[in-house]
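Participant: coords_19.cif is the file, holding mmCIF, C-alpha atoms and all ligand atoms:
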```cif
data_final
loop_
_atom_site.label_atom_id
_atom_site.label_comp_id
_atom_site.auth_asym_id
_atom_site.auth_seq_id
_atom_site.Cartn_x
_atom_site.Cartn_y
_atom_site.Cartn_z
CA MET A 1 -141.82 32.46 82.28
CA SER A 2 -140.44 31.89 85.74
CA ALA A 3 -137.03 30.42 86.48
CA SER A 4 -138.71 27.43 88.13
CA THR A 5 -140.02 26.21 84.77
CA THR A 6 -136.51 26.03 83.31
CA PRO A 7 -135.08 23.15 85.29
CA TRP A 8 -131.67 23.08 83.57
CA PHE A 9 -130.71 26.73 83.76
CA ALA A 10 -130.16 29.33 86.43
CA THR A 11 -131.90 32.08 84.47
CA PRO A 12 -135.05 31.99 82.33
CA LEU A 13 -134.57 31.47 78.61
CA ALA A 14 -134.55 34.95 77.11
CA GLY A 15 -137.17 35.53 74.45
CA PHE A 16 -138.86 32.18 74.85
CA ASP A 17 -142.54 32.44 75.64
CA ASP A 18 -145.07 30.39 73.72
CA GLY A 19 -147.54 30.43 76.58
CA GLU A 20 -146.94 26.78 77.42
CA ASP A 21 -145.53 25.34 80.60
CA VAL A 22 -142.18 23.94 79.39
CA THR A 23 -142.29 21.16 81.96
CA THR A 24 -145.43 19.69 80.35
CA SER A 25 -145.14 20.89 76.74
CA SER A 26 -144.41 18.23 74.17
CA VAL A 27 -142.32 20.79 72.29
CA SER A 28 -138.79 21.12 73.57
CA PRO A 29 -138.10 24.74 74.53
CA MET A 30 -134.65 24.24 73.06
CA ALA A 31 -136.09 23.38 69.64
CA MET A 32 -137.86 26.74 69.60
CA ARG A 33 -134.89 28.81 70.58
CA HIS A 34 -131.81 29.55 68.55
CA ALA A 35 -129.98 32.03 70.74
CA PHE A 36 -126.93 30.82 72.61
CA ASP A 37 -127.49 30.61 76.38
CA SER A 38 -124.41 31.19 78.49
CA ASP A 39 -126.01 29.48 81.51
CA ALA A 40 -126.32 26.18 79.66
CA LEU A 41 -123.12 24.25 80.23
CA HIS A 42 -123.52 22.12 77.13
CA GLU A 43 -124.12 25.17 74.92
CA LEU A 44 -121.19 26.99 76.48
CA PHE A 45 -118.95 24.01 75.82
CA HIS A 46 -120.24 23.38 72.31
CA GLU A 47 -119.96 27.01 71.26
CA ASN A 48 -116.45 27.26 72.61
CA THR A 49 -115.26 24.16 70.81
CA LYS A 50 -116.55 25.03 67.34
CA TYR A 51 -114.15 25.88 64.54
CA HIS A 52 -114.67 29.50 63.46
CA ARG A 53 -112.85 31.15 60.57
CA ARG A 54 -111.79 33.93 62.95
CA THR A 55 -109.99 31.59 65.37
CA HIS A 56 -109.14 28.62 63.18
CA ALA A 57 -105.57 29.72 62.47
CA GLY A 58 -104.72 29.24 66.15
CA PHE A 59 -106.15 25.72 66.21
CA SER A 60 -104.30 24.80 63.02
CA ARG A 61 -101.02 26.08 64.44
CA GLN A 62 -101.44 23.94 67.55
CA ILE A 63 -102.24 20.84 65.48
CA ARG A 64 -99.35 21.46 63.04
CA ALA A 65 -96.95 21.89 65.96
CA PHE A 66 -98.15 18.57 67.38
CA LEU A 67 -97.70 16.77 64.06
CA GLN A 68 -94.13 18.06 63.64
CA ASP A 69 -92.87 17.27 67.13
CA PRO A 70 -91.54 13.68 67.41
CA THR A 71 -91.84 13.80 71.21
CA LEU A 72 -95.52 14.72 71.07
CA ILE A 73 -96.13 12.15 68.33
CA ALA A 74 -94.48 9.44 70.44
CA ARG A 75 -96.58 10.45 73.45
CA GLY A 76 -99.73 10.40 71.33
CA ALA A 77 -98.87 6.93 70.01
CA ALA A 78 -98.51 5.58 73.55
CA SER A 79 -102.28 5.50 73.87
CA TYR A 80 -102.71 2.65 76.29
CA ARG A 81 -102.38 1.89 79.99
CA ASP A 82 -99.25 -0.02 80.91
CA LEU A 83 -100.28 -2.66 83.44
CA ALA A 84 -97.50 -5.08 82.49
CA SER A 85 -96.70 -5.75 86.15
CA PHE A 86 -100.19 -7.24 86.70
CA ALA A 87 -100.98 -10.91 86.00
CA ALA A 88 -102.28 -11.48 82.46
CA ILE A 89 -104.99 -13.69 80.99
CA ASP A 90 -104.45 -14.50 77.31
CA LEU A 91 -107.79 -14.61 75.55
CA PRO A 92 -108.61 -17.66 73.39
CA GLU A 93 -108.39 -17.60 69.60
CA PRO A 94 -111.32 -15.67 68.15
CA ALA A 95 -113.93 -17.64 66.23
CA PRO A 96 -114.71 -16.87 62.56
CA LEU A 97 -117.36 -14.20 62.18
CA ALA A 98 -119.62 -15.62 59.50
CA ALA A 99 -122.70 -13.36 59.82
CA SER A 100 -123.07 -10.75 57.09
CA LEU A 101 -122.91 -7.06 57.93
CA LYS A 102 -126.41 -6.75 56.47
CA SER A 103 -127.85 -9.30 58.88
CA CYS A 104 -126.01 -7.78 61.87
CA LEU A 105 -127.38 -4.33 61.05
CA GLU A 106 -130.87 -5.70 60.57
CA ARG A 107 -130.87 -7.83 63.72
CA ARG A 108 -129.08 -5.52 66.20
CA ARG A 109 -131.44 -4.39 68.92
CA SER A 110 -131.20 -3.63 72.63
CA ALA A 111 -132.01 -6.43 75.03
CA ALA A 112 -133.75 -5.62 78.30
CA ARG A 113 -131.32 -5.33 81.21
CA ARG A 114 -132.98 -8.26 83.04
CA ASP A 115 -132.37 -10.53 79.99
CA LEU A 116 -128.60 -10.13 79.99
CA CYS A 117 -127.70 -12.53 82.78
CA LEU A 118 -127.23 -15.81 80.90
CA PRO A 119 -123.60 -16.91 80.83
CA PHE A 120 -121.55 -17.16 77.65
CA THR A 121 -117.96 -18.17 76.97
CA ALA A 122 -114.50 -16.66 76.96
CA ASP A 123 -114.36 -17.67 73.26
CA ASN A 124 -117.32 -15.37 72.58
CA LEU A 125 -115.83 -12.51 74.58
CA SER A 126 -112.51 -12.97 72.80
CA SER A 127 -114.22 -12.80 69.42
CA VAL A 128 -116.17 -9.65 70.35
CA LEU A 129 -113.03 -7.84 71.51
CA HIS A 130 -110.91 -9.11 68.61
CA TYR A 131 -113.23 -7.90 65.86
CA ALA A 132 -114.52 -4.76 67.58
CA VAL A 133 -111.57 -3.32 69.51
CA ARG A 134 -108.21 -5.10 69.04
CA VAL A 135 -105.29 -3.29 67.40
CA ASN A 136 -105.27 -4.40 63.77
CA ARG A 137 -102.39 -2.51 62.13
CA THR A 138 -99.38 -0.31 62.81
CA ALA A 139 -97.76 2.54 60.90
CA ALA A 140 -94.75 4.82 61.31
CA PRO A 141 -95.69 8.53 61.34
CA THR A 142 -93.80 10.53 58.68
CA ASN A 143 -92.33 12.97 61.19
CA ALA A 144 -91.40 10.29 63.76
CA PRO A 145 -90.39 7.18 61.79
CA HIS A 146 -89.05 5.47 64.93
CA VAL A 147 -92.56 5.49 66.47
CA SER A 148 -94.95 2.59 65.92
CA GLN A 149 -98.46 4.00 65.89
CA THR A 150 -101.24 1.47 66.37
CA PHE A 151 -104.69 1.51 64.82
CA ARG A 152 -107.94 -0.26 65.58
CA PRO A 153 -111.11 -1.35 63.75
CA TYR A 154 -112.76 2.03 64.40
CA PRO A 155 -111.74 5.63 63.64
CA SER A 156 -110.12 7.94 66.18
CA GLY A 157 -109.58 11.72 65.92
CA GLY A 158 -105.86 12.09 65.12
CA GLY A 159 -105.31 8.38 65.77
CA LEU A 160 -104.82 9.19 69.46
CA PHE A 161 -107.23 6.54 70.77
CA PRO A 162 -108.34 8.09 74.07
CA ILE A 163 -110.90 5.30 74.63
CA GLU A 164 -110.09 2.40 76.95
CA VAL A 165 -112.01 -0.80 77.64
CA TYR A 166 -112.54 -2.78 80.85
CA VAL A 167 -114.32 -6.10 81.19
CA ILE A 168 -116.56 -7.01 84.12
CA SER A 169 -116.70 -10.80 83.78
CA ASN A 170 -119.45 -12.14 86.01
CA ALA A 171 -120.58 -15.23 84.18
CA VAL A 172 -118.10 -15.88 81.38
CA ALA A 173 -117.08 -19.53 81.29
CA GLY A 174 -113.31 -19.79 81.26
CA LEU A 175 -112.73 -16.48 83.06
CA PRO A 176 -112.69 -15.61 86.75
CA ALA A 177 -115.36 -13.26 88.11
CA THR A 178 -113.31 -10.08 88.11
CA ILE A 179 -112.71 -6.65 86.60
CA SER A 180 -109.98 -6.51 83.95
CA TYR A 181 -108.31 -3.96 81.72
CA TYR A 182 -108.34 -5.04 78.07
CA GLU A 183 -104.93 -4.77 76.39
CA ALA A 184 -105.92 -4.07 72.80
CA ARG A 185 -102.35 -4.48 71.51
CA ASN A 186 -101.94 -8.11 72.47
CA HIS A 187 -105.50 -9.22 73.17
CA ARG A 188 -105.05 -9.89 76.86
CA LEU A 189 -106.97 -9.15 80.01
CA ARG A 190 -105.17 -7.71 83.01
CA PRO A 191 -107.34 -8.36 86.07
CA LEU A 192 -107.19 -5.39 88.43
CA PRO A 193 -105.86 -6.51 91.83
CA ASN A 194 -108.34 -6.17 94.70
CA SER A 195 -111.32 -5.52 92.45
CA ALA A 196 -114.63 -7.38 92.64
CA ALA A 197 -117.02 -7.81 89.71
CA SER A 198 -119.93 -7.42 92.16
CA GLU A 199 -118.99 -3.77 92.68
CA PHE A 200 -120.30 -2.98 89.21
CA ARG A 201 -123.81 -4.33 89.82
CA ALA A 202 -123.90 -2.31 93.04
CA ALA A 203 -123.13 0.88 91.07
CA GLU A 204 -126.04 0.51 88.62
CA THR A 205 -128.90 2.97 89.15
CA THR A 206 -131.52 0.41 88.11
CA GLY A 207 -133.67 -0.14 91.14
CA ASP A 208 -135.16 -3.38 89.85
CA ASP A 209 -133.98 -6.75 91.02
CA ALA A 210 -132.02 -7.69 87.88
CA GLU A 211 -129.22 -10.18 88.47
CA PRO A 212 -125.69 -9.04 87.62
CA ALA A 213 -125.20 -9.05 83.85
CA ALA A 214 -123.11 -11.95 82.52
CA CYS A 215 -120.57 -9.44 81.24
CA ALA A 216 -120.22 -5.68 81.04
CA ILE A 217 -117.77 -3.86 78.81
CA VAL A 218 -117.02 -0.54 80.49
CA VAL A 219 -115.86 2.21 78.15
CA THR A 220 -113.68 4.98 79.56
CA ALA A 221 -111.85 7.98 78.11
CA VAL A 222 -108.40 9.38 78.86
CA PHE A 223 -109.39 12.82 77.59
CA ASP A 224 -105.93 14.32 77.72
CA ARG A 225 -104.70 12.08 74.90
CA SER A 226 -107.01 13.95 72.58
CA VAL A 227 -107.01 17.31 74.37
CA GLN A 228 -103.21 17.67 74.17
CA LYS A 229 -103.59 18.05 70.39
CA TYR A 230 -107.08 19.45 69.87
CA GLY A 231 -107.69 21.44 73.04
CA PRO A 232 -111.19 21.13 74.60
CA ARG A 233 -112.55 20.03 71.20
CA GLY A 234 -110.69 16.78 71.93
CA TYR A 235 -113.39 15.99 74.50
CA ARG A 236 -115.98 15.87 71.72
CA LEU A 237 -113.72 13.70 69.58
CA ALA A 238 -113.35 11.19 72.42
CA LEU A 239 -117.12 10.84 72.80
CA ILE A 240 -117.57 10.37 69.06
CA GLU A 241 -114.89 7.69 69.05
CA ALA A 242 -116.57 5.85 71.93
CA GLY A 243 -119.76 5.69 69.87
CA HIS A 244 -117.92 4.18 66.90
CA MET A 245 -116.35 1.55 69.10
CA MET A 246 -119.56 0.65 70.92
CA GLN A 247 -121.40 0.13 67.63
CA ASN A 248 -118.62 -2.30 66.65
CA LEU A 249 -119.21 -4.17 69.91
CA LEU A 250 -122.97 -4.33 69.31
CA LEU A 251 -122.72 -5.48 65.70
CA VAL A 252 -120.11 -8.15 66.44
CA ALA A 253 -122.09 -9.36 69.46
CA THR A 254 -125.15 -9.63 67.20
CA GLY A 255 -123.14 -11.57 64.63
CA LEU A 256 -122.04 -14.03 67.33
CA GLY A 257 -125.60 -14.53 68.57
CA LEU A 258 -125.17 -12.57 71.82
CA LYS A 259 -127.64 -10.12 73.32
CA SER A 260 -126.43 -6.61 74.07
CA LEU A 261 -127.44 -3.30 75.60
CA VAL A 262 -125.72 0.07 75.85
CA SER A 263 -126.30 1.53 79.29
CA GLY A 264 -125.59 4.86 80.89
CA SER A 265 -127.44 3.93 84.06
CA PHE A 266 -124.77 3.83 86.73
CA TYR A 267 -123.17 6.07 89.33
CA GLU A 268 -119.97 7.11 87.61
CA ALA A 269 -117.93 7.71 90.75
CA GLU A 270 -118.74 4.23 92.06
CA VAL A 271 -117.78 2.53 88.81
CA GLU A 272 -114.61 4.59 88.67
CA ARG A 273 -113.76 3.49 92.20
CA ALA A 274 -114.30 -0.14 91.19
CA LEU A 275 -111.97 0.38 88.21
CA HIS A 276 -109.39 2.24 90.34
CA LEU A 277 -109.75 5.40 88.22
CA ASP A 278 -109.68 8.96 89.49
CA GLY A 279 -112.63 9.97 87.27
CA VAL A 280 -110.80 13.04 85.95
CA SER A 281 -107.72 11.95 84.00
CA GLU A 282 -109.69 8.84 83.04
CA ALA A 283 -113.47 8.73 83.37
CA VAL A 284 -116.25 6.26 82.65
CA LEU A 285 -118.48 7.01 79.65
CA ALA A 286 -120.80 4.07 79.08
CA THR A 287 -121.28 0.35 79.40
CA VAL A 288 -122.16 -2.35 76.89
CA PHE A 289 -123.79 -5.36 78.56
CA LEU A 290 -123.42 -8.73 76.86
CA GLY A 291 -125.36 -11.91 77.56
CA ALA A 292 -126.26 -15.20 75.89
CA GLN A 293 -129.56 -15.63 74.00
C1 LIG B 301 -125.82 6.35 75.00
C2 LIG B 301 -126.94 5.37 75.26
C3 LIG B 301 -127.34 5.09 76.55
C4 LIG B 301 -128.35 4.17 76.81
N1 LIG B 301 -128.68 3.87 78.11
C5 LIG B 301 -129.61 2.93 78.34
C6 LIG B 301 -129.93 2.55 79.68
O1 LIG B 301 -129.34 3.07 80.62
N2 LIG B 301 -130.88 1.61 79.91
C7 LIG B 301 -131.53 0.99 78.86
O2 LIG B 301 -132.38 0.13 79.09
N3 LIG B 301 -131.26 1.33 77.57
C8 LIG B 301 -130.31 2.26 77.29
N4 LIG B 301 -129.99 2.57 75.99
C9 LIG B 301 -130.65 1.83 74.89
C10 LIG B 301 -131.76 2.64 74.21
O3 LIG B 301 -132.90 2.72 75.03
C11 LIG B 301 -132.11 1.93 72.88
O4 LIG B 301 -130.97 1.91 72.06
C12 LIG B 301 -133.25 2.65 72.16
O5 LIG B 301 -134.45 2.48 72.84
C13 LIG B 301 -133.43 2.11 70.73
O6 LIG B 301 -133.74 0.72 70.74
P1 LIG B 301 -132.82 -0.35 70.01
O7 LIG B 301 -131.42 -0.22 70.55
O8 LIG B 301 -133.40 -1.71 70.34
O9 LIG B 301 -132.85 -0.09 68.54
C14 LIG B 301 -129.00 3.50 75.72
C15 LIG B 301 -128.60 3.79 74.41
C16 LIG B 301 -127.56 4.69 74.18
C17 LIG B 301 -127.11 4.95 72.75
#
```
Output the file's structure as structure tokens, nothing else.
Ligand SMILES: Cc1cc2nc3c(=O)[nH]c(=O)nc-3n(C[C@H](O)[C@H](O)[C@H](O)COP(=O)(O)O)c2cc1C
Facilitator:
Amino acid sequence: MSASTTPWFATPLAGFDDGEDVTTSSVSPMAMRHAFDSDALHELFHENTKYHRRTHAGFSRQIRAFLQDPTLIARGAASYRDLASFAAIDLPEPAPLAASLKSCLERRRSAARRDLCLPFTADNLSSVLHYAVRVNRTAAPTNAPHVSQTFRPYPSGGGLFPIEVYVISNAVAGLPATISYYEARNHRLRPLPNSAASEFRAAETTGDDAEPAACAIVVTAVFDRSVQKYGPRGYRLALIEAGHMMQNLLLVATGLGLKSLVSGSFYEAEVERALHLDGVSEAVLATVFLGAQ
């Protein structure tokens, strides 16, 4: 097999030859191959972030040290951006969420991108963020009783909450068209100065002529919050957490009668510029579009 038929890797896949052209085969070459390939970035990363009995003692030591150090615990508990100097928008009271979990699970489905443009209200957005993302309890860690650690309606590796949420409000009645940081502790939006909601539509890769979505929830990760305790494995934990949180968003949106769509179709650097992020210490992961039925 020639290197040109292995589009992802610099070198051919050793030992893989079933006589088929891998670019047209319906069988993934990866499914046929169990050897670790050091040219594949994702395999290299995954292999290097597995727990192995041989190396686990080192990981455990690092985690134990973190859990016993009040300074590190306090830093880990400060898992939010402090934009207190920016103007704030208090979100309205959330509405009751009457739909059953069963019906939300049964009815949740992705809307087409072009069908997500109908406006909805700040009450709806407030309810989505309240039930899906907002801080819902606090606790004092045993080894740092002076620290107030916050928790949310979804799980987080080590309770470090590396995931952040931004709202692109294009057509949300009661809110300006802007880009805001969502303060999960006190259920407020902090519009980012000099940001324009239209920048997000411009960063989407979709070449069709879809109007801007009524609202986009942009999910980012501050990887270091997790990495400082778990090393590179913290990167994985952040992605898993983002998935938990996005499913909350989708199920609550369904329960409130909103349409939704997870999208990864955007130019990251352009979205990060719109959100005033450097893309390294905090980077964009995904978007959840919301729109009225
Ligand atoms: C991480 C992720 C990224 C996705 N990106 C897109 C996207 O860019 N555009 C799109 O139309 N759908 C996107 N989807 C939606 C999937 O196409 C959809 O979930 C899948 O077809 C299953 O359909 P359902 O959600 O209606 O059950 C994405 C889903 C996930 C989980």
Participant: Hey, which residues sit close to ligand LIG 301 (chain B)? Say within 8 Å, counting all atoms listed in the file, and write them as a list in words.
Facilitator: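 What falls inside 8 Å of ligand LIG 301 (chain B) is Arg108, Arg109, Ser110, Ala111, Ala112, Arg113, Gly243, Leu261, Val262, Ser263, Gly264, Ser265, Phe266 and Ala286 of chain A.
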Participant: Just give me the gap between CA of Tyr181 (chain A) and CA of Pro70 (chain A) in Å, one decimal is fine.
Facilitator: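 Between these atoms lies a distance of 28.2 Å.
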Participant: If you measure from CA of Ser126 (chain A) to CA of Glu272 (chain A), what distance in Å do you get, rounded to one decimal?
Facilitator: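 Answer for the CA of Ser126 (chain A) to CA of Glu272 (chain A) separation: 23.8 Å.
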Participant: Of the candidates A:Glu282, A:Asp209, A:Asp37, A:Asp69, which shows the shortest atom-to-atom distance to Glu164 (chain A), using all atoms listed in the file?
Facilitator: A:Glu282
Participant: Calculate how many Å separate CA of Leu97 (chain A) from CA of Arg152 (chain A), rounding to one decimal.
Facilitator: 17.2 Å
Participant: Restricting the calculation to only C-alpha atoms, which member of A:Ala77, A:Ala253, A:Leu72, A:Ala177 is positioned closest to Leu105 (chain A)?
Facilitator: A:Ala253
Participant: Looking at A:Ala274, A:Ala173, A:Ala95, A:Ala132, which one is nearest to Ala202 (chain A), with distances taken over all atoms listed in the file?
Facilitator: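 Ranking A:Ala274, A:Ala173, A:Ala95, A:Ala132 by distance to Ala202 (chain A), first place goes to A:Ala274.
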